[in-house]
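Have a look at start.txt below; it lists compact mmCIF, C-alpha atoms.
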# COMPACT_ATOMS: atom_id res chain seq x y z
CA MET J 1 -177.87 3.07 37.02
CA SER J 2 -174.69 1.50 38.20
CA VAL J 3 -172.55 3.37 40.72
CA PRO J 4 -168.81 2.89 40.79
CA ALA J 5 -167.57 0.91 43.70
CA ASN J 6 -165.30 3.68 44.99
CA HIS J 7 -168.07 6.24 45.22
CA ASP J 8 -167.87 6.55 49.00
CA LYS J 9 -164.14 7.13 49.10
CA ALA J 10 -163.28 10.59 50.53
CA ALA J 11 -161.72 12.95 47.96
CA GLU J 12 -158.26 14.06 48.99
CA PRO J 13 -156.78 17.09 47.25
CA ASN J 14 -153.11 16.77 46.41
CA LEU J 15 -151.52 19.56 48.41
CA THR J 16 -147.93 18.84 47.47
CA PRO J 17 -147.70 21.03 44.28
CA MET J 18 -149.44 23.89 46.07
CA LEU J 19 -147.08 23.62 48.99
CA ASP J 20 -144.11 23.61 46.63
CA MET J 21 -145.41 26.70 44.95
CA VAL J 22 -146.09 28.49 48.22
CA LEU J 23 -142.64 27.73 49.57
CA GLN J 24 -141.06 28.97 46.36
CA LEU J 25 -143.04 32.20 46.60
CA VAL J 26 -142.03 32.63 50.24
CA MET J 27 -138.41 32.12 49.27
CA PHE J 28 -138.72 34.66 46.44
CA PHE J 29 -140.17 37.34 48.69
CA MET J 30 -137.63 36.64 51.43
CA LEU J 31 -134.75 37.04 49.00
CA CYS J 32 -136.26 40.14 47.41
CA ALA J 33 -136.94 41.83 50.73
CA ASN J 34 -134.66 44.85 50.58
CA PHE J 35 -133.28 45.75 53.92
CA ILE J 36 -131.97 49.27 54.02
CA ALA J 37 -128.23 49.38 53.61
CA GLU J 38 -126.54 50.94 56.60
CA GLU J 39 -124.67 53.54 54.61
CA THR J 40 -127.81 55.06 53.18
CA ASN J 41 -130.74 56.76 54.81
CA ALA J 42 -134.37 56.01 53.99
CA MET J 43 -135.43 59.47 55.18
CA VAL J 44 -133.77 61.10 52.18
CA LYS J 45 -136.19 61.82 49.35
CA LEU J 46 -133.95 61.72 46.32
CA PRO J 47 -134.58 63.68 43.12
CA ASP J 48 -135.09 61.90 39.79
CA ALA J 49 -132.60 61.83 36.93
CA SER J 50 -132.57 59.99 33.62
CA ALA J 51 -128.83 60.22 33.14
CA ALA J 52 -128.05 58.69 36.54
CA ARG J 53 -125.83 55.64 36.24
CA ILE J 54 -125.39 52.82 38.72
CA LEU J 55 -122.16 52.97 40.70
CA ASP J 56 -119.60 50.43 39.57
CA LYS J 57 -118.96 47.99 42.40
CA ASN J 58 -115.24 47.86 41.64
CA THR J 59 -114.64 51.53 42.28
CA GLY J 60 -113.04 51.03 45.67
CA GLN J 61 -113.82 53.01 48.79
CA THR J 62 -117.00 55.05 48.68
CA ILE J 63 -117.95 57.86 51.03
CA PHE J 64 -121.69 58.34 51.46
CA ILE J 65 -122.93 61.70 52.68
CA ASN J 66 -126.59 61.75 53.65
CA LEU J 67 -128.43 65.02 54.09
CA THR J 68 -131.99 64.64 55.35
CA TYR J 69 -134.71 67.26 55.34
CA PRO J 70 -136.38 68.22 58.62
CA GLY J 71 -139.98 67.11 58.95
CA LYS J 72 -142.25 64.33 60.13
CA ASP J 73 -141.39 60.74 59.43
CA LYS J 74 -143.99 58.11 58.46
CA PHE J 75 -144.97 57.68 62.11
CA GLY J 76 -145.60 61.41 62.52
CA VAL J 77 -142.53 62.00 64.67
CA ASP J 78 -140.59 65.21 64.07
CA GLN J 79 -137.15 64.54 62.66
CA PRO J 80 -134.41 67.18 62.53
CA LYS J 81 -132.11 67.81 59.59
CA THR J 82 -129.18 65.43 59.77
CA LEU J 83 -125.87 65.29 57.98
CA THR J 84 -124.01 62.00 58.18
CA PHE J 85 -120.69 60.83 56.88
CA ASN J 86 -120.26 57.11 56.09
CA ALA J 87 -117.03 55.59 54.88
CA GLY J 88 -116.98 51.86 55.52
CA VAL J 89 -116.90 51.39 59.27
CA ARG J 90 -116.56 55.11 59.96
CA LYS J 91 -119.97 56.60 60.50
CA VAL J 92 -120.17 60.12 61.90
CA ALA J 93 -123.18 62.38 62.47
CA CYS J 94 -121.91 65.84 61.61
CA SER J 95 -123.37 68.94 63.17
CA ASN J 96 -122.35 71.19 60.27
CA SER J 97 -120.38 71.28 57.05
CA LEU J 98 -117.17 72.22 58.88
CA GLN J 99 -117.23 68.97 60.81
CA LEU J 100 -117.96 67.17 57.56
CA GLN J 101 -114.94 68.84 56.00
CA THR J 102 -112.76 67.60 58.89
CA GLU J 103 -114.04 64.05 58.36
CA LEU J 104 -113.40 64.28 54.63
CA GLU J 105 -109.89 65.60 55.25
CA ASN J 106 -109.20 62.67 57.60
CA GLN J 107 -110.49 60.27 54.98
CA TYR J 108 -108.28 61.89 52.37
CA LYS J 109 -105.26 61.31 54.62
CA LEU J 110 -106.30 57.67 55.01
CA ASP J 111 -106.61 57.34 51.22
CA GLU J 112 -103.17 58.87 50.80
CA ALA J 113 -101.60 56.60 53.43
CA ARG J 114 -103.17 53.56 51.78
CA ALA J 115 -101.85 54.64 48.38
CA GLN J 116 -98.28 54.92 49.71
CA LYS J 117 -98.10 51.22 50.57
CA LYS J 118 -97.64 49.93 47.02
CA PRO J 119 -95.60 51.57 44.23
CA GLN J 120 -98.37 51.10 41.66
CA ASP J 121 -100.94 52.67 43.99
CA ARG J 122 -98.54 55.53 44.59
CA ALA J 123 -98.27 56.12 40.85
CA GLU J 124 -102.07 56.09 40.59
CA TRP J 125 -102.27 58.59 43.42
CA GLU J 126 -99.75 60.88 41.77
CA ALA J 127 -101.85 60.75 38.60
CA GLY J 128 -104.86 61.99 40.55
CA ARG J 129 -106.62 58.65 40.94
CA GLY J 130 -107.15 56.28 43.85
CA ARG J 131 -109.23 58.66 45.92
CA SER J 132 -112.46 57.57 47.59
CA ILE J 133 -115.58 58.37 45.67
CA VAL J 134 -117.85 60.90 47.33
CA VAL J 135 -121.53 60.13 46.86
CA LEU J 136 -123.97 62.77 48.04
CA ARG J 137 -127.48 61.63 48.93
CA ALA J 138 -129.36 64.84 49.57
CA ASP J 139 -133.07 65.43 49.91
CA GLN J 140 -134.61 67.11 46.87
CA ARG J 141 -136.36 69.74 49.03
CA HIS J 142 -133.13 71.44 50.08
CA ASP J 143 -131.96 74.72 48.61
CA TYR J 144 -128.79 74.72 46.58
CA LYS J 145 -127.07 76.83 49.25
CA GLU J 146 -126.99 73.83 51.61
CA ILE J 147 -125.83 71.49 48.86
CA ASN J 148 -123.11 73.93 47.92
CA GLU J 149 -121.78 73.94 51.50
CA ILE J 150 -121.25 70.19 51.25
CA LEU J 151 -119.67 70.45 47.81
CA ALA J 152 -117.38 73.20 49.12
CA ALA J 153 -116.39 70.95 52.05
CA ALA J 154 -115.53 68.13 49.63
CA ARG J 155 -113.58 70.52 47.42
CA ALA J 156 -111.67 71.91 50.40
CA ALA J 157 -110.75 68.35 51.38
CA ASN J 158 -109.30 67.85 47.86
CA TYR J 159 -112.09 65.64 46.56
CA ARG J 160 -112.86 66.90 43.07
CA ASP J 161 -114.97 64.11 41.61
CA ILE J 162 -118.35 63.90 43.21
CA GLN J 163 -121.41 61.85 42.46
CA LEU J 164 -124.89 63.15 43.16
CA ARG J 165 -127.27 60.33 43.87
CA ALA J 166 -130.72 60.31 42.29
CA ILE J 167 -133.50 57.89 41.52
CA GLN J 168 -132.84 56.42 38.13
CA LEU J 169 -135.64 57.20 35.69
CA LYS J 170 -136.29 54.68 32.95
CA ASN J 171 -136.02 56.28 29.52
CA MET S 1 -132.28 -25.24 65.20
CA ARG S 2 -135.58 -23.77 65.63
CA ARG S 3 -136.06 -20.44 64.04
CA ARG S 4 -137.65 -17.87 66.22
CA ARG S 5 -140.83 -16.75 64.75
CA ARG S 6 -140.80 -13.07 63.99
CA GLN S 7 -143.49 -11.18 65.76
CA HIS S 8 -145.65 -9.58 63.18
CA THR S 9 -146.63 -5.97 63.91
CA PRO S 10 -149.10 -4.15 61.73
CA ALA S 11 -147.44 -1.65 59.36
CA THR S 12 -148.04 1.97 60.37
CA GLU S 13 -148.40 4.60 57.72
CA PRO S 14 -146.12 7.56 58.46
CA ASP S 15 -148.34 10.57 58.77
CA LEU S 16 -146.71 13.95 58.32
CA PRO S 17 -149.07 16.74 59.33
CA ILE S 18 -148.55 19.37 56.69
CA THR S 19 -151.47 21.56 57.70
CA PRO S 20 -149.53 23.67 60.27
CA MET S 21 -146.68 24.08 57.81
CA LEU S 22 -149.11 25.16 55.13
CA ASP S 23 -150.71 27.65 57.53
CA MET S 24 -147.32 29.06 58.40
CA SER S 25 -146.28 29.25 54.79
CA PHE S 26 -149.43 31.14 53.85
CA GLN S 27 -148.89 33.54 56.70
CA LEU S 28 -145.30 34.15 55.66
CA MET S 29 -146.36 34.60 52.07
CA ALA S 30 -149.09 37.06 53.03
CA PHE S 31 -146.59 39.02 55.13
CA PHE S 32 -144.05 39.25 52.33
CA ILE S 33 -146.66 40.11 49.69
CA LEU S 34 -148.08 42.88 51.85
CA THR S 35 -144.71 44.35 52.78
CA PHE S 36 -143.13 43.93 49.35
CA ARG S 37 -142.24 47.26 47.87
CA PRO S 38 -139.68 47.27 45.10
CA VAL S 39 -137.04 49.84 45.98
CA PRO S 40 -136.34 52.24 43.10
CA THR S 41 -132.89 51.95 41.59
CA GLU S 42 -130.51 54.67 42.68
CA GLY S 43 -127.91 56.02 40.30
CA GLN S 44 -125.31 58.74 40.22
CA LEU S 45 -124.63 61.87 38.24
CA ALA S 46 -120.86 62.22 38.08
CA LEU S 47 -119.62 65.79 38.35
CA VAL S 48 -116.31 67.58 38.57
CA LEU S 49 -116.11 70.27 41.22
CA PRO S 50 -114.68 73.59 40.10
CA ASP S 51 -111.28 74.66 41.35
CA ALA S 52 -111.11 75.97 44.87
CA GLY S 53 -108.61 78.63 43.98
CA ASN S 54 -106.02 79.58 41.45
CA THR S 55 -104.97 76.06 40.75
CA ALA S 56 -104.62 74.50 37.37
CA PRO S 57 -108.00 73.55 35.92
CA SER S 58 -108.64 69.84 36.09
CA PHE S 59 -110.54 69.59 32.85
CA ALA S 60 -107.71 69.75 30.39
CA SER S 61 -104.49 67.85 30.43
CA PRO S 62 -101.51 69.64 28.89
CA ILE S 63 -101.34 67.28 25.94
CA GLU S 64 -104.92 67.56 24.75
CA ASP S 65 -106.65 70.52 23.19
CA LYS S 66 -108.16 72.78 25.76
CA PRO S 67 -111.90 72.28 25.54
CA GLU S 68 -114.22 75.19 25.15
CA GLY S 69 -116.08 76.29 28.23
CA TYR S 70 -119.64 77.38 28.77
CA VAL S 71 -121.12 78.98 31.85
CA ALA S 72 -124.83 78.73 32.54
CA THR S 73 -126.46 80.71 35.31
CA VAL S 74 -129.77 79.91 36.94
CA SER S 75 -131.24 82.73 38.97
CA PRO S 76 -133.71 81.87 41.70
CA THR S 77 -137.25 82.94 42.38
CA GLY S 78 -138.57 81.33 45.51
CA GLY S 79 -136.91 78.00 44.92
CA VAL S 80 -137.92 77.68 41.29
CA PRO S 81 -135.39 78.67 38.64
CA SER S 82 -136.17 81.87 36.82
CA ASP S 83 -133.93 83.10 34.02
CA ILE S 84 -131.31 80.83 32.59
CA THR S 85 -128.36 82.27 30.72
CA LEU S 86 -125.74 80.48 28.68
CA LEU S 87 -122.43 82.15 27.94
CA LYS S 88 -119.58 80.79 25.86
CA ASP S 89 -116.00 81.50 26.92
CA GLY S 90 -114.79 84.71 25.34
CA GLU S 91 -118.24 85.97 24.42
CA LEU S 92 -119.83 88.93 26.10
CA GLU S 93 -123.50 88.52 25.38
CA PRO S 94 -125.12 85.50 26.97
CA LYS S 95 -128.04 83.65 25.46
CA THR S 96 -130.99 84.11 27.81
CA PHE S 97 -133.92 81.77 28.34
CA LYS S 98 -136.59 83.81 30.03
CA MET S 99 -138.72 81.90 32.44
CA THR S 100 -142.18 83.01 33.49
CA ALA S 101 -144.77 81.18 35.52
CA GLY S 102 -146.37 79.81 32.37
CA ASN S 103 -143.39 78.84 30.26
CA GLN S 104 -141.11 77.25 32.84
CA SER S 105 -140.81 73.91 31.12
CA GLN S 106 -140.56 75.63 27.72
CA ALA S 107 -137.52 77.63 28.85
CA MET S 108 -135.88 74.52 30.27
CA ASN S 109 -136.60 72.66 27.04
CA ASP S 110 -135.04 75.49 25.02
CA PHE S 111 -131.98 75.38 27.28
CA TYR S 112 -131.72 71.63 26.77
CA LYS S 113 -132.00 72.08 22.99
CA ALA S 114 -129.29 74.73 23.03
CA LEU S 115 -126.96 72.40 24.92
CA GLY S 116 -127.70 69.59 22.49
CA GLU S 117 -126.93 71.91 19.58
CA ILE S 118 -123.52 72.79 21.05
CA ILE S 119 -122.62 69.12 21.45
CA ARG S 120 -123.83 68.24 17.94
CA GLU S 121 -121.68 71.02 16.44
CA LYS S 122 -118.64 69.87 18.42
CA LYS S 123 -119.12 66.26 17.40
CA ALA S 124 -119.52 67.27 13.76
CA ALA S 125 -116.28 69.27 13.96
CA LYS S 126 -114.63 66.35 15.81
CA GLY S 127 -113.32 68.71 18.46
CA PRO S 128 -113.03 68.06 22.20
CA LEU S 129 -116.32 68.14 24.06
CA PRO S 130 -116.82 71.43 25.87
CA LYS S 131 -117.03 71.73 29.64
CA LEU S 132 -119.97 73.33 31.33
CA GLU S 133 -120.23 75.16 34.61
CA ILE S 134 -123.73 75.77 35.92
CA GLN S 135 -124.07 78.44 38.58
CA PHE S 136 -127.20 78.14 40.67
CA GLY S 137 -128.79 80.82 42.81
CA ASP S 138 -128.63 79.96 46.50
CA ASP S 139 -132.34 79.23 46.88
CA VAL S 140 -132.84 77.13 43.75
CA ARG S 141 -134.30 73.88 44.97
CA TYR S 142 -132.04 70.83 44.67
CA GLN S 143 -134.72 69.06 42.64
CA PHE S 144 -134.26 71.66 39.86
CA VAL S 145 -130.49 71.55 40.24
CA ILE S 146 -130.54 67.84 39.49
CA LYS S 147 -133.00 68.40 36.63
CA MET S 148 -130.64 70.86 34.96
CA LEU S 149 -127.55 68.74 35.57
CA ASP S 150 -129.48 65.77 34.19
CA ASP S 151 -130.42 67.76 31.08
CA ALA S 152 -126.79 68.73 30.56
CA LYS S 153 -125.70 65.09 30.89
CA LEU S 154 -128.41 63.94 28.50
CA ALA S 155 -127.41 66.62 26.01
CA GLY S 156 -123.94 65.05 25.94
CA PHE S 157 -121.80 67.17 28.28
CA GLU S 158 -119.38 65.01 30.23
CA LYS S 159 -117.53 67.54 32.35
CA ILE S 160 -120.07 69.48 34.32
CA SER S 161 -119.36 71.59 37.38
CA PRO S 162 -122.03 72.94 39.68
CA ASN S 163 -121.29 76.21 41.46
CA LEU S 164 -123.01 78.88 43.48
CA LEU S 165 -124.17 81.91 41.52
CA GLY S 166 -121.89 84.85 42.20
CA LYS S 167 -119.14 82.62 43.59
CA ALA S 168 -117.37 82.05 40.33
CA VAL S 169 -113.75 81.17 40.67
CA PRO S 170 -111.59 84.18 39.85
CA LYS S 171 -109.53 83.57 36.79
CA LYS S 172 -105.78 83.80 36.87
CA PRO S 173 -104.58 87.19 35.82
CA ALA S 174 -102.82 87.14 32.49
CA PRO S 175 -99.04 87.30 32.88

Would you give me this structure, written as structure tokens?
Amino acid sequence: MSVPANHDKAAEPNLTPMLDMVLQLVMFFMLCANFIAEETNAMVKLPDASAARILDKNTGQTIFINLTYPGKDKFGVDQPKTLTFNAGVRKVACSNSLQLQTELENQYKLDEARAQKKPQDRAEWEAGRGRSIVVLRADQRHDYKEINEILAAARAANYRDIQLRAIQLKN
Amino acid sequence: MRRRRRQHTPATEPDLPITPMLDMSFQLMAFFILTFRPVPTEGQLALVLPDAGNTAPSFASPIEDKPEGYVATVSPTGGVPSDITLLKDGELEPKTFKMTAGNQSQAMNDFYKALGEIIREKKAAKGPLPKLEIQFGDDVRYQFVIKMLDDAKLAGFEKISPNLLGKAVPKKPAP
């Protein structure tokens, strides 16, 4: 039986397509890696809602209020209940709803001052628009009493439209 | 002129060692695959807070028809909602959805159906959509609060106000 002349040649796998594929996968996972946005809090276990809609990115200034539930984190360390106010660069840990109300009132004054700069913004303000949007991210294990304290603080600071954040359920 | 003879050097094959890069890439890929956890999408339920005092209600503008109002109450039993009532403005007798340990989801379903019925009637009559205020007992868990607000949104209510049970805003006395 005749043997081909190149029988002894070492077989070399072509690694280039595999390497291309691997690098593409690495790039995909790197881009998809979701780093927690600073204005939100991963400790908050949000409730589910089917009617929840994604916030429009063109809605202007947004105030995030995070209310965590006391308990152990994933490393078993005890975490207290926290209430934080985030509006752009302003990030304040509030000790109670009264402090939160003060922060919201300050933000309302900032909104008002910003609206006075341009005539069209002033007209919007007079019509009841142009306010920051208040988004409440509260843990689903809280009682309504605690949620109501935050809503009352927002209402007292003249914020009437509020958005309750929830995990969007697919219908 | 004598041309200088070029010194002939043997051609060297460029050898790029891709093995360390491949190792690194696999390690990176393994890390990202193991730590990859798609974050659930977060959305918002938009609500209108009830008036803080005797101010003009925000729901209706003077030029449009004043929409009908409904008030639902959710009384608490250890965090879980118990009875749900639904009262239309001007009526005295509320519709009650009794909740026991066994029929909790049934009562919530009935409440959802009742809300859907109201919206269907309003849409058929081409009238303004009614507003809804839901008053929750102070120890109703937030999870159920969102569930009920979600049901109201899904039923078609657009202007929904959450409030604390027993803290209803006093109405303006008639002149």

For chain S versus chain J, which residues have an atom no more than 6 Å away, and what is each residue's nearest atom pair and distance in Å rounded to one decimal, using all atoms listed in the file, chain-then-number order, as JSON lines?
{"residue": "S:Met29", "atom": "CA", "partner": "J:Val26", "partner_atom": "CA", "distance": 5.1}
{"residue": "S:Phe32", "atom": "CA", "partner": "J:Phe29", "partner_atom": "CA", "distance": 5.7}
{"residue": "S:Thr41", "atom": "CA", "partner": "J:Gln168", "partner_atom": "CA", "distance": 5.7}
{"residue": "S:Glu42", "atom": "CA", "partner": "J:Ile167", "partner_atom": "CA", "distance": 4.5}
{"residue": "S:Gly43", "atom": "CA", "partner": "J:Ile54", "partner_atom": "CA", "distance": 4.4}
{"residue": "S:Gln44", "atom": "CA", "partner": "J:Arg165", "partner_atom": "CA", "distance": 4.4}
{"residue": "S:Leu45", "atom": "CA", "partner": "J:Ala52", "partner_atom": "CA", "distance": 5.0}
{"residue": "S:Ala46", "atom": "CA", "partner": "J:Gln163", "partner_atom": "CA", "distance": 4.4}
{"residue": "S:Leu47", "atom": "CA", "partner": "J:Ile162", "partner_atom": "CA", "distance": 5.4}
{"residue": "S:Val48", "atom": "CA", "partner": "J:Asp161", "partner_atom": "CA", "distance": 4.8}
{"residue": "S:Leu49", "atom": "CA", "partner": "J:Arg160", "partner_atom": "CA", "distance": 5.0}
{"residue": "S:Asp138", "atom": "CA", "partner": "J:Lys145", "partner_atom": "CA", "distance": 4.4}
{"residue": "S:Asp139", "atom": "CA", "partner": "J:Asp143", "partner_atom": "CA", "distance": 4.8}
{"residue": "S:Val140", "atom": "CA", "partner": "J:Asp143", "partner_atom": "CA", "distance": 5.5}
{"residue": "S:Arg141", "atom": "CA", "partner": "J:Asp143", "partner_atom": "CA", "distance": 4.4}
{"residue": "S:Tyr142", "atom": "CA", "partner": "J:Gln140", "partner_atom": "CA", "distance": 5.0}
{"residue": "S:Gln143", "atom": "CA", "partner": "J:Gln140", "partner_atom": "CA", "distance": 4.7}
{"residue": "S:Asp150", "atom": "CA", "partner": "J:Ala51", "partner_atom": "CA", "distance": 5.7}
{"residue": "S:Leu154", "atom": "CA", "partner": "J:Ala51", "partner_atom": "CA", "distance": 6.0}

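In this model, the gap between atom CA of Ser82 of chain S and atom CA of Gly137 of chain S comes to 9.6 Å.
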
Find the residues around Lys95 of chain S up to 10 Å (all atoms listed in the file counted), leave out those fewer than 5 positions away in its own chain, and share them as a short mmCIF file (atom, residue, chain, number, x, y, z; two decimals) with C-alpha atoms, in the frame of the given file.
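Result file is out.cif:
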data_model
loop_
_atom_site.label_atom_id
_atom_site.label_comp_id
_atom_site.auth_asym_id
_atom_site.auth_seq_id
_atom_site.Cartn_x
_atom_site.Cartn_y
_atom_site.Cartn_z
CA ALA S 72 -124.83 78.73 32.54
CA ILE S 84 -131.31 80.83 32.59
CA THR S 85 -128.36 82.27 30.72
CA LEU S 86 -125.74 80.48 28.68
CA LEU S 87 -122.43 82.15 27.94
CA LYS S 88 -119.58 80.79 25.86
CA PHE S 111 -131.98 75.38 27.28
CA ALA S 114 -129.29 74.73 23.03
#

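Closest to Glu124 of chain J among J:Glu112, J:Asp56, J:Glu12, J:Asp78 is J:Glu112, based on all atoms listed in the file.
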
> atom CA of Ile63 of chain J and atom CA of Glu103 of chain J are how many Å apart?
Replying inline: 10.4 Å

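Straight-line separation from atom CA of Leu129 of chain S to atom CA of Glu91 of chain S: 17.9 Å.
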
Build an axis-aligned box that encloses every atom of segment 64-67 of chain J listed in the file, pad it by 6 Å on each side, and report its centre and edge lengths in Å to one decimal, as lines of an AutoDock Vina configuration file.
center_x = -125.1
center_y = 61.7
center_z = 52.8
size_x = 18.7
size_y = 18.7
size_z = 14.6
